[in-house]
Each structure stands twice: as C-alpha cells, then as structure tokens.
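Since the structure comes first, as structure tokens, the remarks are kept for the end.
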Amino acid sequence: MRGLILPVLLLVLWDLATRTVFAGHPLLPAPAAVVGAFLAAAGDGSLARDLSATLARDLGGFAIAVAIGLPLGTWLGLSRIAARLVAPGFDALRQIAVFAWIPLISMWFGVGEAAKLAFIALAALVPVVLNTASGVAAVPARHLEVAAVLRFGPLRRFGSVILPAAAPAIATGLHQGLIYAWLGTIGAEYFMTVGPGIGGLMSGAREHMQMEVVILGVVLLGALGTVQTLFARRLTRLLTRHPTGAVSGPSVFRSPSVFRSPSVFRRTS
C-alpha cells in the first residue's frame with residue numbers, strides 16, 4: 001500500500017494544477033477528461049483492440065528473442081571457441097542503440113507487423129543472450145567434476161547440472177528481456193504507426209491535439225509495464241526458488257547423499 005502514496009500524491013497535484021494554474025489549458029487536461037476518454041474508448045471497443053494488439057506484439061517479439069537467444073547464449077557459454085569467434089562481434093553490435101536499427105528494419109521489413117516484431121525481438125535479444133551465456137559459463141567446476149564422476153551423458157549433464165546452476169542468470173535475462181521487449185513495443189508502435197496499438201493511438205491523438213487520449217496512453221503503458229514487471233519478478237522467484245536454481249526434474253544437487261557417498265570419492269581418487 002505504501003507504493004500507492006506517490007501515485008495518489010501526483011494525482012492530487014495534477015487535479016489541483018488543472019483547477020488553478022493550468023485551468024482550461026489545452027496541454028494539460030483534467031483527470032476527469034482522461035477518465036472520460038478511457039470510458040469512451042472502452043465503450044466503442046477501440047481500447048480492447050489496441051491493448052490486445054500491443055500485448056500480442058510484445059509477447060510475439062519476446063518469444064522470438066527467447067527462441068533465438070537461449071540457444072545462442074547456451075552455445076556461447078558452453079563453447080570457448082564460439083565465445084572467442086562470436087562474442088566480440090556480438091558485443092560490438094549491442095553497443096548500437098536499438099532505435100538506430102529502425103531505418104534499416106523499415107527498409108527490410110516495411111512498417112507492418114513483421115517490422116515491429118523484428119524490432120521488438122532485437123530489443124529483447126541482447127539481455128537474454130548475455131545473461132544466458134554468463135550463467136552457463138559460470139557453472140562451478142566442482143559440479144561438472146561430480147557429473148563426470150557419475151558418468152553423466154551430455155544431455156543429462158546439461159539438464160541436471162548446467163541448466164539448474166545457470167537458472168538464476170537465465171531468469172534474470174528473461175526478466176530483462178521482457179522489460180526491453182515492452183520498451184521496444186512502445187517504440188515500434190510509435191515510430192511505425194501502421195495498425196492498431198497503444199503507440200498508434202497516442203500518435204494519432206497527438207496529431208489531433210487530443211491530450212486526454214495521449215495521457216491515457218501514457219497511463220495505460222505504465223500500468224501494463226508494471227504488471228509485466230510483477231509477472232517477471234514472480235517468474236524469477238519461481239525459477240530460483242531452489243538453492244541451485246533447479247526448477248524441475250532430477251538433479252544431482254538435490255540429493256545431499258550423493259556427496260556423502262563413499263563410492264563417489266573413491267572413484268574420484
């Protein structure tokens with residue numbers, strides 16, 4: 001509840017400003033006007049259409065980034081040769097601001113849905129790859145030694161040792177990727193305004209000086225971003241609820257008896 005103090009205070013100051021200093025000013029509508037714009041958009045169905053389009057783009061681009069970023073990051077974390085060959089170039093590419101790719105993406109994909117998904121996926125790809133690679137590369141050597149003693153195959157070693165140990169870093173990458181995907185969604189809709197979406201709604205309202213609709217879009221984007229952040233935090237806690245980061249399936253690190261077994265240490269020696 002303490003987190004609501006600042007928003008409520010800002011709302012009160014906003015209302016007082018529109019009643020006194022900025023009374024009747026076209027660039028700062030009253031909160032009641034924003035509520036009226038919300039009710040009007042909800043009543044004619046345009047709000048639900050724009051929200052669903054924005055969320056679909058956000059999740060679609062994020063899914064593409066995860067589908068590419070997790071295997072790529074795992075490969076970079078497992079292979080020193082791949083890290084030496086690919087990591088420098090990838091590090092150079094990530095220094096380029098994501099909005100600098102908009103002209104190139106627009107020329108390749110146009111300004112339709114394909115371009116928006118490509119831009120959102122590009123925005124979310126970097127944190128997913130970097131955190132996955134760092135998590136996989138940072139698996140403690142003693143864990144891999146135990147897996148070698150127990151003669152785990154490559155798949156079992158990855159599923160029972162590497163993946164559980166790297167899960168906290170992977171979860172962090174997914175968390176950051178979801179945030180970057182949301183920021184990319186806002187930018188894509190604002191600069192590529194073809195089709196429905198909150199960004200297109202705000203851009204059209206700006207051209208017609210409908211400031212109450214613009215502020216409504218800002219409020220909606222903030223509310224949706226907050227919900228996604230809470231969901232990402234919940235997902236991070238779910239993936240890291242075990243000390244080793246294991247989420248499911250058998251793991252050698254869930255059984256302390258493995259480390260107390262005399263046979264393990266005899267074989268090690």
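How things are named: the first chain in the structure tokens is A, the next is B, and so on; residues count from 1 in each chain; ligands count from 1 in the order shown.
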
Do you know which residues are at most 8 Å from region 112-118 of chain A counting only C-alpha atoms, after dropping those on the same chain fewer than 6 positions away, and could you put them as a PyMOL selection string?
-> chain A and resi 57-58+60-61+105-106+185+188-189+192+194-195

Contacts of Leu125 (chain A) at 12 Å (only C-alpha atoms; same-chain gap of 2+ positions) as a PDB file with N, CA, C and O atoms, in the first residue's frame:
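Resulting contents of part-v3.pdb:
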```pdb
ATOM      1  N   GLY A  61       7.267 -10.698 -30.099  1.00  0.00           N
ATOM      2  CA  GLY A  61       8.676 -10.332 -30.231  1.00  0.00           C
ATOM      3  C   GLY A  61       9.529 -10.940 -29.135  1.00  0.00           C
ATOM      4  O   GLY A  61      10.661 -11.386 -29.377  1.00  0.00           O
ATOM      5  N   PHE A  62       8.995 -10.985 -27.916  1.00  0.00           N
ATOM      6  CA  PHE A  62       9.732 -11.598 -26.808  1.00  0.00           C
ATOM      7  C   PHE A  62       9.937 -13.085 -27.043  1.00  0.00           C
ATOM      8  O   PHE A  62      11.013 -13.630 -26.764  1.00  0.00           O
ATOM      9  N   ALA A  63       8.923 -13.762 -27.568  1.00  0.00           N
ATOM     10  CA  ALA A  63       9.053 -15.190 -27.856  1.00  0.00           C
ATOM     11  C   ALA A  63      10.128 -15.446 -28.910  1.00  0.00           C
ATOM     12  O   ALA A  63      10.903 -16.412 -28.810  1.00  0.00           O
ATOM     13  N   ILE A  64      10.189 -14.598 -29.927  1.00  0.00           N
ATOM     14  CA  ILE A  64      11.233 -14.746 -30.951  1.00  0.00           C
ATOM     15  C   ILE A  64      12.619 -14.553 -30.330  1.00  0.00           C
ATOM     16  O   ILE A  64      13.560 -15.308 -30.619  1.00  0.00           O
ATOM     17  N   ALA A  65      12.745 -13.538 -29.471  1.00  0.00           N
ATOM     18  CA  ALA A  65      14.032 -13.287 -28.815  1.00  0.00           C
ATOM     19  C   ALA A  65      14.451 -14.465 -27.942  1.00  0.00           C
ATOM     20  O   ALA A  65      15.628 -14.841 -27.916  1.00  0.00           O
ATOM     21  N   VAL A  66      13.508 -15.066 -27.232  1.00  0.00           N
ATOM     22  CA  VAL A  66      13.824 -16.217 -26.375  1.00  0.00           C
ATOM     23  C   VAL A  66      14.209 -17.420 -27.229  1.00  0.00           C
ATOM     24  O   VAL A  66      15.168 -18.144 -26.914  1.00  0.00           O
ATOM     25  N   ALA A  67      13.467 -17.649 -28.312  1.00  0.00           N
ATOM     26  CA  ALA A  67      13.756 -18.798 -29.176  1.00  0.00           C
ATOM     27  C   ALA A  67      15.146 -18.705 -29.795  1.00  0.00           C
ATOM     28  O   ALA A  67      15.797 -19.731 -30.038  1.00  0.00           O
ATOM     29  N   ILE A  68      15.616 -17.487 -30.063  1.00  0.00           N
ATOM     30  CA  ILE A  68      16.952 -17.315 -30.631  1.00  0.00           C
ATOM     31  C   ILE A  68      18.004 -17.140 -29.534  1.00  0.00           C
ATOM     32  O   ILE A  68      19.106 -17.696 -29.606  1.00  0.00           O
ATOM     33  N   GLY A  69      17.658 -16.392 -28.507  1.00  0.00           N
ATOM     34  CA  GLY A  69      18.641 -16.020 -27.502  1.00  0.00           C
ATOM     35  C   GLY A  69      19.072 -17.150 -26.588  1.00  0.00           C
ATOM     36  O   GLY A  69      20.263 -17.255 -26.245  1.00  0.00           O
ATOM     37  N   LEU A  70      18.147 -18.018 -26.181  1.00  0.00           N
ATOM     38  CA  LEU A  70      18.528 -19.104 -25.278  1.00  0.00           C
ATOM     39  C   LEU A  70      19.506 -20.083 -25.931  1.00  0.00           C
ATOM     40  O   LEU A  70      20.551 -20.398 -25.339  1.00  0.00           O
ATOM     41  N   PRO A  71      19.233 -20.596 -27.138  1.00  0.00           N
ATOM     42  CA  PRO A  71      20.234 -21.477 -27.764  1.00  0.00           C
ATOM     43  C   PRO A  71      21.557 -20.767 -28.056  1.00  0.00           C
ATOM     44  O   PRO A  71      22.631 -21.346 -27.854  1.00  0.00           O
ATOM     45  N   LEU A  72      21.486 -19.515 -28.517  1.00  0.00           N
ATOM     46  CA  LEU A  72      22.712 -18.797 -28.831  1.00  0.00           C
ATOM     47  C   LEU A  72      23.534 -18.541 -27.570  1.00  0.00           C
ATOM     48  O   LEU A  72      24.758 -18.745 -27.556  1.00  0.00           O
ATOM     49  N   GLY A  73      22.874 -18.110 -26.501  1.00  0.00           N
ATOM     50  CA  GLY A  73      23.587 -17.872 -25.254  1.00  0.00           C
ATOM     51  C   GLY A  73      24.160 -19.149 -24.669  1.00  0.00           C
ATOM     52  O   GLY A  73      25.278 -19.156 -24.129  1.00  0.00           O
ATOM     53  N   PHE A  90      29.298  -9.758 -31.398  1.00  0.00           N
ATOM     54  CA  PHE A  90      28.021  -9.525 -30.724  1.00  0.00           C
ATOM     55  C   PHE A  90      28.133  -8.357 -29.757  1.00  0.00           C
ATOM     56  O   PHE A  90      27.208  -7.553 -29.624  1.00  0.00           O
ATOM     57  N   LEU A  93      27.867  -5.215 -31.734  1.00  0.00           N
ATOM     58  CA  LEU A  93      26.513  -4.941 -32.194  1.00  0.00           C
ATOM     59  C   LEU A  93      25.632  -4.402 -31.075  1.00  0.00           C
ATOM     60  O   LEU A  93      24.779  -3.544 -31.305  1.00  0.00           O
ATOM     61  N   ARG A  94      25.850  -4.900 -29.867  1.00  0.00           N
ATOM     62  CA  ARG A  94      24.973  -4.447 -28.776  1.00  0.00           C
ATOM     63  C   ARG A  94      25.280  -3.021 -28.334  1.00  0.00           C
ATOM     64  O   ARG A  94      24.516  -2.435 -27.571  1.00  0.00           O
ATOM     65  N   VAL A  98      19.276   0.600 -29.928  1.00  0.00           N
ATOM     66  CA  VAL A  98      18.280  -0.210 -30.625  1.00  0.00           C
ATOM     67  C   VAL A  98      17.444   0.636 -31.586  1.00  0.00           C
ATOM     68  O   VAL A  98      17.043   0.165 -32.662  1.00  0.00           O
ATOM     69  N   LEU A 117       7.696  -6.765 -35.054  1.00  0.00           N
ATOM     70  CA  LEU A 117       8.165  -7.957 -34.348  1.00  0.00           C
ATOM     71  C   LEU A 117       9.683  -8.063 -34.397  1.00  0.00           C
ATOM     72  O   LEU A 117      10.324  -8.452 -33.403  1.00  0.00           O
ATOM     73  N   ALA A 118      10.269  -7.746 -35.553  1.00  0.00           N
ATOM     74  CA  ALA A 118      11.725  -7.800 -35.674  1.00  0.00           C
ATOM     75  C   ALA A 118      12.386  -6.799 -34.732  1.00  0.00           C
ATOM     76  O   ALA A 118      13.392  -7.106 -34.080  1.00  0.00           O
ATOM     77  N   PHE A 119      11.831  -5.608 -34.632  1.00  0.00           N
ATOM     78  CA  PHE A 119      12.404  -4.586 -33.759  1.00  0.00           C
ATOM     79  C   PHE A 119      12.282  -4.997 -32.292  1.00  0.00           C
ATOM     80  O   PHE A 119      13.221  -4.850 -31.499  1.00  0.00           O
ATOM     81  N   ILE A 120      11.129  -5.505 -31.899  1.00  0.00           N
ATOM     82  CA  ILE A 120      10.923  -5.924 -30.513  1.00  0.00           C
ATOM     83  C   ILE A 120      11.847  -7.090 -30.161  1.00  0.00           C
ATOM     84  O   ILE A 120      12.453  -7.124 -29.080  1.00  0.00           O
ATOM     85  N   ALA A 121      11.957  -8.054 -31.071  1.00  0.00           N
ATOM     86  CA  ALA A 121      12.840  -9.196 -30.826  1.00  0.00           C
ATOM     87  C   ALA A 121      14.288  -8.743 -30.700  1.00  0.00           C
ATOM     88  O   ALA A 121      15.044  -9.241 -29.847  1.00  0.00           O
ATOM     89  N   LEU A 122      14.704  -7.799 -31.526  1.00  0.00           N
ATOM     90  CA  LEU A 122      16.070  -7.286 -31.453  1.00  0.00           C
ATOM     91  C   LEU A 122      16.323  -6.583 -30.122  1.00  0.00           C
ATOM     92  O   LEU A 122      17.399  -6.715 -29.535  1.00  0.00           O
ATOM     93  N   ALA A 123      15.325  -5.852 -29.636  1.00  0.00           N
ATOM     94  CA  ALA A 123      15.487  -5.154 -28.364  1.00  0.00           C
ATOM     95  C   ALA A 123      15.637  -6.126 -27.204  1.00  0.00           C
ATOM     96  O   ALA A 123      16.396  -5.877 -26.262  1.00  0.00           O
ATOM     97  N   PRO A 127      19.832  -8.868 -23.775  1.00  0.00           N
ATOM     98  CA  PRO A 127      19.913  -9.340 -22.382  1.00  0.00           C
ATOM     99  C   PRO A 127      19.711 -10.836 -22.240  1.00  0.00           C
ATOM    100  O   PRO A 127      20.313 -11.452 -21.354  1.00  0.00           O
ATOM    101  N   VAL A 128      18.885 -11.437 -23.084  1.00  0.00           N
ATOM    102  CA  VAL A 128      18.680 -12.881 -22.999  1.00  0.00           C
ATOM    103  C   VAL A 128      19.968 -13.619 -23.334  1.00  0.00           C
ATOM    104  O   VAL A 128      20.385 -14.553 -22.621  1.00  0.00           O
ATOM    105  N   VAL A 129      20.636 -13.208 -24.406  1.00  0.00           N
ATOM    106  CA  VAL A 129      21.876 -13.880 -24.820  1.00  0.00           C
ATOM    107  C   VAL A 129      22.972 -13.681 -23.787  1.00  0.00           C
ATOM    108  O   VAL A 129      23.652 -14.640 -23.380  1.00  0.00           O
ATOM    109  N   LEU A 130      23.174 -12.449 -23.334  1.00  0.00           N
ATOM    110  CA  LEU A 130      24.282 -12.157 -22.432  1.00  0.00           C
ATOM    111  C   LEU A 130      24.126 -12.873 -21.096  1.00  0.00           C
ATOM    112  O   LEU A 130      25.083 -13.468 -20.579  1.00  0.00           O
ATOM    113  N   ASN A 131      22.945 -12.847 -20.514  1.00  0.00           N
ATOM    114  CA  ASN A 131      22.748 -13.475 -19.218  1.00  0.00           C
ATOM    115  C   ASN A 131      22.794 -15.000 -19.316  1.00  0.00           C
ATOM    116  O   ASN A 131      23.314 -15.662 -18.422  1.00  0.00           O
ATOM    117  N   THR A 132      22.252 -15.541 -20.399  1.00  0.00           N
ATOM    118  CA  THR A 132      22.324 -16.992 -20.579  1.00  0.00           C
ATOM    119  C   THR A 132      23.762 -17.445 -20.739  1.00  0.00           C
ATOM    120  O   THR A 132      24.191 -18.433 -20.122  1.00  0.00           O
ATOM    121  N   GLY A 173      17.992 -12.846 -17.276  1.00  0.00           N
ATOM    122  CA  GLY A 173      17.950 -12.460 -18.682  1.00  0.00           C
ATOM    123  C   GLY A 173      16.537 -12.397 -19.225  1.00  0.00           C
ATOM    124  O   GLY A 173      16.193 -11.486 -19.986  1.00  0.00           O
ATOM    125  N   LEU A 174      15.699 -13.361 -18.844  1.00  0.00           N
ATOM    126  CA  LEU A 174      14.307 -13.334 -19.287  1.00  0.00           C
ATOM    127  C   LEU A 174      13.575 -12.131 -18.707  1.00  0.00           C
ATOM    128  O   LEU A 174      12.750 -11.504 -19.394  1.00  0.00           O
ATOM    129  N   HIS A 175      13.873 -11.819 -17.446  1.00  0.00           N
ATOM    130  CA  HIS A 175      13.265 -10.649 -16.804  1.00  0.00           C
ATOM    131  C   HIS A 175      13.634  -9.375 -17.558  1.00  0.00           C
ATOM    132  O   HIS A 175      12.773  -8.573 -17.927  1.00  0.00           O
ATOM    133  N   GLN A 176      14.923  -9.188 -17.798  1.00  0.00           N
ATOM    134  CA  GLN A 176      15.365  -8.001 -18.519  1.00  0.00           C
ATOM    135  C   GLN A 176      14.856  -8.003 -19.958  1.00  0.00           C
ATOM    136  O   GLN A 176      14.503  -6.952 -20.504  1.00  0.00           O
ATOM    137  N   GLY A 177      14.830  -9.185 -20.579  1.00  0.00           N
ATOM    138  CA  GLY A 177      14.335  -9.259 -21.951  1.00  0.00           C
ATOM    139  C   GLY A 177      12.880  -8.856 -22.059  1.00  0.00           C
ATOM    140  O   GLY A 177      12.475  -8.195 -23.025  1.00  0.00           O
ATOM    141  N   LEU A 178      12.079  -9.237 -21.058  1.00  0.00           N
ATOM    142  CA  LEU A 178      10.666  -8.853 -21.076  1.00  0.00           C
ATOM    143  C   LEU A 178      10.512  -7.339 -20.943  1.00  0.00           C
ATOM    144  O   LEU A 178       9.664  -6.730 -21.606  1.00  0.00           O
ATOM    145  N   ILE A 179      11.344  -6.729 -20.114  1.00  0.00           N
ATOM    146  CA  ILE A 179      11.300  -5.272 -19.961  1.00  0.00           C
ATOM    147  C   ILE A 179      11.725  -4.582 -21.258  1.00  0.00           C
ATOM    148  O   ILE A 179      11.072  -3.642 -21.734  1.00  0.00           O
ATOM    149  N   TYR A 180      12.817  -5.070 -21.855  1.00  0.00           N
ATOM    150  CA  TYR A 180      13.291  -4.469 -23.103  1.00  0.00           C
ATOM    151  C   TYR A 180      12.289  -4.686 -24.239  1.00  0.00           C
ATOM    152  O   TYR A 180      12.132  -3.823 -25.114  1.00  0.00           O
ATOM    153  N   ALA A 181      11.620  -5.835 -24.230  1.00  0.00           N
ATOM    154  CA  ALA A 181      10.602  -6.088 -25.253  1.00  0.00           C
ATOM    155  C   ALA A 181       9.458  -5.089 -25.127  1.00  0.00           C
ATOM    156  O   ALA A 181       8.919  -4.609 -26.138  1.00  0.00           O
ATOM    157  N   GLY A 184      10.649  -1.839 -26.428  1.00  0.00           N
ATOM    158  CA  GLY A 184      10.693  -1.936 -27.888  1.00  0.00           C
ATOM    159  C   GLY A 184       9.309  -1.888 -28.509  1.00  0.00           C
ATOM    160  O   GLY A 184       9.138  -1.331 -29.607  1.00  0.00           O
TER     161      GLY A 184
END
```

Closest of A:Ala147, A:Leu201, A:Ala100, A:Leu59 to Trp182 (chain A), counting only C-alpha atoms, is A:Leu59

Within 10 Å of region 18-29 of chain A: each region 118-219 of chain A residue with its shortest pair, only C-alpha atoms, as a tab-separated table:
```
residue	atom	partner	partner_atom	distance
A:Met209	CA	A:Leu27	CA	8.2
A:Gln210	CA	A:Pro26	CA	8.6
A:Met211	CA	A:Leu27	CA	6.1
A:Glu212	CA	A:Pro29	CA	5.8
A:Val213	CA	A:Pro29	CA	9.6
A:Ile215	CA	A:Pro29	CA	8.6
```

Mind listing the alpha helix (DSSP H) residues of region 47-163 of chain A, per DSSP on the backbone, as a ChimeraX atom specification?
-> /A:47-78,80-94,102-109,113-137,141-149,154-157,163

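Comparing the minimum interatomic distances between Asp15 (chain A) and each of A:Ala30, A:Ala138, A:Ile96, A:Met1, counting only C-alpha atoms, we find that A:Ala30 sits nearest.
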
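For the set A:Ala165, A:Ala124, A:Leu235, A:Ile198, the residue with the smallest atom-to-atom gap to Val219 (chain A) is A:Ile198, counting only C-alpha atoms.
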
Exercise: Leu39 (chain A) partners within 12 Å, only C-alpha atoms, chain neighbours under 5 positions left out, as a PyMOL selection string | chain A and resi 32-34+44-48+212-213+216

Counting only C-alpha atoms, figure out which residue out of A:Leu11, A:Val126, A:Val111, A:Ala53 gets nearest to Ala87 (chain A).
->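 Residue with the minimum atom-to-atom distance to Ala87 (chain A): A:Val126.
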
For CA of Leu144 (chain A) and CA of Arg157 (chain A), determine how far apart the two atoms are, in Å to one decimal place.
->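 The value is 7.8 Å.
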
Test item: residues at most 7 Å from Ala166 (chain A), only C-alpha atoms, excluding those fewer than 2 positions along its chain, as a PyMOL selection string = chain A and resi 135-136+139+162-164+168-170
